[in-house]
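Novice: Can you read through this structure? Questions will come right after.
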Amino acid sequence: MAHDLRNLPDDYVAFWRERHFPTLTTLRRDGSPHVVPVGVTFDPETSTARVITRKHSTKVANVLAAGSDGARVAVCQVAPGGSWATLEGTAVVRTEPEAIADAVARYAERYERTPEPNPERVLIEITVTRAMGSVRPA
């Protein structure tokens, strides 16, 4: 089920604040999907999803290989009982310390733990263009 990004249901937004373990899908150079578990945060006000990671990860290489316009990606999470949510959009890699610090703070809030400092950390920032899913009452 597709959702209007300008008017997301409250339960859908809440689902992205709960502690789940999503996956990020990027595309390899040959077009095949690379799917890995990640921590992700979603800001519905700006339609932005954020993933912190190491700068030498495959997911970062895949995003960078797409060029300056960014890479088409998706983050998805599921929960027992049939709830699921997918955010699709265009990802870029950000290295600015203030952007990374903001993403780490958002991660710490969602996952209730602050990641260890990592000088290799970068941010995959996704401009969300499509939201899909079905969130069922707990």
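So you can find residues: chains in the structure tokens are A, B, ... in the order shown, residues in each start at 1, and ligands are numbered from 1 in order.
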Counting only C-alpha atoms, which residues of range 8-42 of chain A fall within 8 Å of range 58-73 of chain A, and what is the closest atom pair for each with its distance in Å at one decimal, ordered by chain and rising number, as a Markdown table?
Specialist:
```
| residue | atom | partner | partner_atom | distance |
| --- | --- | --- | --- | --- |
| A:Leu24 | CA | A:Val73 | CA | 7.2 |
| A:Thr25 | CA | A:Val73 | CA | 5.6 |
| A:Thr26 | CA | A:Val73 | CA | 5.1 |
| A:Leu27 | CA | A:Asn62 | CA | 6.1 |
| A:Arg28 | CA | A:Asn62 | CA | 5.6 |
| A:Arg29 | CA | A:Asn62 | CA | 7.1 |
| A:His34 | CA | A:Lys59 | CA | 7.4 |
```
Novice: Show which residues sit within 8 Å of range 49-51 of chain A, as number ranges by chain. Count only C-alpha atoms, and ignore same-chain residues fewer than 3 positions away.
Specialist: A: 38-43, 103, 123-128
Novice: Just write the chosen residues, N, CA and C atoms, as a short mmCIF file (atom, residue, chain, number, x, y, z; two decimals), in the first residue's frame.
Specialist:
```
data_model
loop_
_atom_site.label_atom_id
_atom_site.label_comp_id
_atom_site.auth_asym_id
_atom_site.auth_seq_id
_atom_site.Cartn_x
_atom_site.Cartn_y
_atom_site.Cartn_z
N VAL A 38 20.67 -2.86 8.61
CA VAL A 38 21.21 -1.56 9.03
C VAL A 38 20.34 -1.00 10.15
N GLY A 39 20.85 0.02 10.80
CA GLY A 39 20.02 0.88 11.63
C GLY A 39 19.67 2.08 10.77
N VAL A 40 18.42 2.49 10.80
CA VAL A 40 17.99 3.62 9.97
C VAL A 40 17.05 4.49 10.78
N THR A 41 17.12 5.78 10.53
CA THR A 41 16.15 6.70 11.12
C THR A 41 15.41 7.40 10.00
N PHE A 42 14.19 7.82 10.31
CA PHE A 42 13.35 8.48 9.32
C PHE A 42 12.78 9.75 9.92
N ASP A 43 12.96 10.85 9.20
CA ASP A 43 12.39 12.14 9.58
C ASP A 43 11.26 12.44 8.60
N ALA A 103 23.04 12.46 12.58
CA ALA A 103 22.57 11.10 12.29
C ALA A 103 22.86 10.15 13.46
N LEU A 123 27.71 8.98 6.42
CA LEU A 123 26.25 8.96 6.44
C LEU A 123 25.72 8.69 5.04
N ILE A 124 24.85 7.73 4.94
CA ILE A 124 24.06 7.55 3.72
C ILE A 124 22.75 8.27 3.99
N GLU A 125 22.52 9.34 3.24
CA GLU A 125 21.31 10.15 3.43
C GLU A 125 20.38 9.91 2.24
N ILE A 126 19.15 9.54 2.57
CA ILE A 126 18.19 9.16 1.54
C ILE A 126 17.07 10.19 1.49
N THR A 127 16.89 10.79 0.34
CA THR A 127 15.73 11.64 0.11
C THR A 127 14.60 10.72 -0.31
N VAL A 128 13.64 10.56 0.58
CA VAL A 128 12.56 9.59 0.37
C VAL A 128 11.55 10.15 -0.63
#
```
Novice: If we count only C-alpha atoms and set the cut-off at 8 Å, which residues sit around Thr23 in chain A, ignoring sequence neighbours fewer than 3 positions away in its own chain? Please answer as a PyMOL selection string.
Specialist: chain A and resi 35-39+75-77
Novice: Neighbouring residues of range 11-15 of chain A were defined as those with any atom within 8 Å, considering only C-alpha atoms; residues of the same chain fewer than 3 positions away were excluded. Please report them as an MDAnalysis selection string.
Specialist: chainID A and resid 8 18 44 85 133:135
Novice: I need the residues from that last selection saved to file as an mmCIF file, in the first residue's frame (with all heavy atoms), if you can.
Specialist:
```
data_model
loop_
_atom_site.group_PDB
_atom_site.id
_atom_site.type_symbol
_atom_site.label_atom_id
_atom_site.label_comp_id
_atom_site.auth_asym_id
_atom_site.auth_seq_id
_atom_site.Cartn_x
_atom_site.Cartn_y
_atom_site.Cartn_z
ATOM 1 N N LEU A 8 1.501 11.139 6.068
ATOM 2 C CA LEU A 8 1.704 9.757 6.481
ATOM 3 C C LEU A 8 0.845 9.433 7.700
ATOM 4 O O LEU A 8 0.706 10.259 8.601
ATOM 5 C CB LEU A 8 3.178 9.515 6.819
ATOM 6 C CG LEU A 8 4.135 9.547 5.631
ATOM 7 C CD1 LEU A 8 5.579 9.541 6.115
ATOM 8 C CD2 LEU A 8 3.881 8.356 4.707
ATOM 9 N N GLU A 18 9.952 2.952 16.318
ATOM 10 C CA GLU A 18 10.130 1.774 17.158
ATOM 11 C C GLU A 18 11.450 1.084 16.821
ATOM 12 O O GLU A 18 12.014 1.284 15.745
ATOM 13 C CB GLU A 18 8.970 0.797 16.931
ATOM 14 C CG GLU A 18 7.631 1.340 17.336
ATOM 15 C CD GLU A 18 6.471 0.481 16.844
ATOM 16 O OE1 GLU A 18 6.711 -0.556 16.181
ATOM 17 O OE2 GLU A 18 5.324 0.875 17.097
ATOM 18 N N PRO A 44 10.003 12.232 9.025
ATOM 19 C CA PRO A 44 8.892 12.451 8.103
ATOM 20 C C PRO A 44 8.698 13.918 7.723
ATOM 21 O O PRO A 44 8.140 14.201 6.665
ATOM 22 C CB PRO A 44 7.682 11.909 8.865
ATOM 23 C CG PRO A 44 8.066 11.983 10.296
ATOM 24 C CD PRO A 44 9.545 11.781 10.339
ATOM 25 N N ALA A 85 7.079 -1.818 6.389
ATOM 26 C CA ALA A 85 7.190 -0.465 5.834
ATOM 27 C C ALA A 85 8.440 -0.386 4.973
ATOM 28 O O ALA A 85 9.494 -0.893 5.350
ATOM 29 C CB ALA A 85 7.256 0.569 6.952
ATOM 30 N N GLY A 133 3.645 0.437 2.757
ATOM 31 C CA GLY A 133 3.595 -0.452 3.897
ATOM 32 C C GLY A 133 2.217 -0.623 4.461
ATOM 33 O O GLY A 133 1.252 0.052 4.065
ATOM 34 N N SER A 134 2.155 -1.513 5.420
ATOM 35 C CA SER A 134 0.931 -1.799 6.132
ATOM 36 C C SER A 134 1.305 -2.047 7.590
ATOM 37 O O SER A 134 1.999 -3.020 7.892
ATOM 38 C CB SER A 134 0.245 -3.033 5.542
ATOM 39 O OG SER A 134 -0.890 -3.362 6.285
ATOM 40 N N VAL A 135 0.882 -1.140 8.456
ATOM 41 C CA VAL A 135 1.208 -1.257 9.873
ATOM 42 C C VAL A 135 -0.062 -1.655 10.606
ATOM 43 O O VAL A 135 -1.077 -0.964 10.521
ATOM 44 C CB VAL A 135 1.799 0.049 10.420
ATOM 45 C CG1 VAL A 135 2.079 -0.066 11.907
ATOM 46 C CG2 VAL A 135 3.053 0.438 9.649
#
```
Novice: May I have all residues of chain A that DSSP, computed from the backbone, assigns to helix (DSSP H, G or I), given as a PyMOL selection string?
Specialist: chain A and resi 5-7+10-15+58-65+97-111
Novice: Can you list, as a ChimeraX atom specification, every protein, DNA or RNA residue that comes within 10 Å of His56 in chain A when you count only C-alpha atoms, leaving out same-chain residues fewer than 6 positions away?
Specialist: /A:120-122
Novice: Give me, please, the distance in Å between CA of Asp102 in chain A and CA of Ser83 in chain A, quoted to one decimal.
Specialist: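 Separation between CA of Asp102 in chain A and CA of Ser83 in chain A: 27.9 Å.
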Novice: Please compute the CA of Thr129 in chain A-CA of Met1 in chain A distance, one decimal, in Å.
Specialist: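 One can read the CA of Thr129 in chain A to CA of Met1 in chain A distance as 14.4 Å.
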Novice: Rounded to one decimal, what separation in Å do you get between CA of Phe21 in chain A and CA of Ala99 in chain A?
Specialist: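 Taking CA of Phe21 in chain A and CA of Ala99 in chain A, their separation equals 22.0 Å.
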Novice: Running DSSP on the backbone, which parts of chain A land in strand (DSSP E or B), as a VMD selection string?
Specialist: chain A and resid 2 to 3 23 to 27 33 to 37 41 to 43 48 to 54 71 to 79 83 to 94 121 to 134
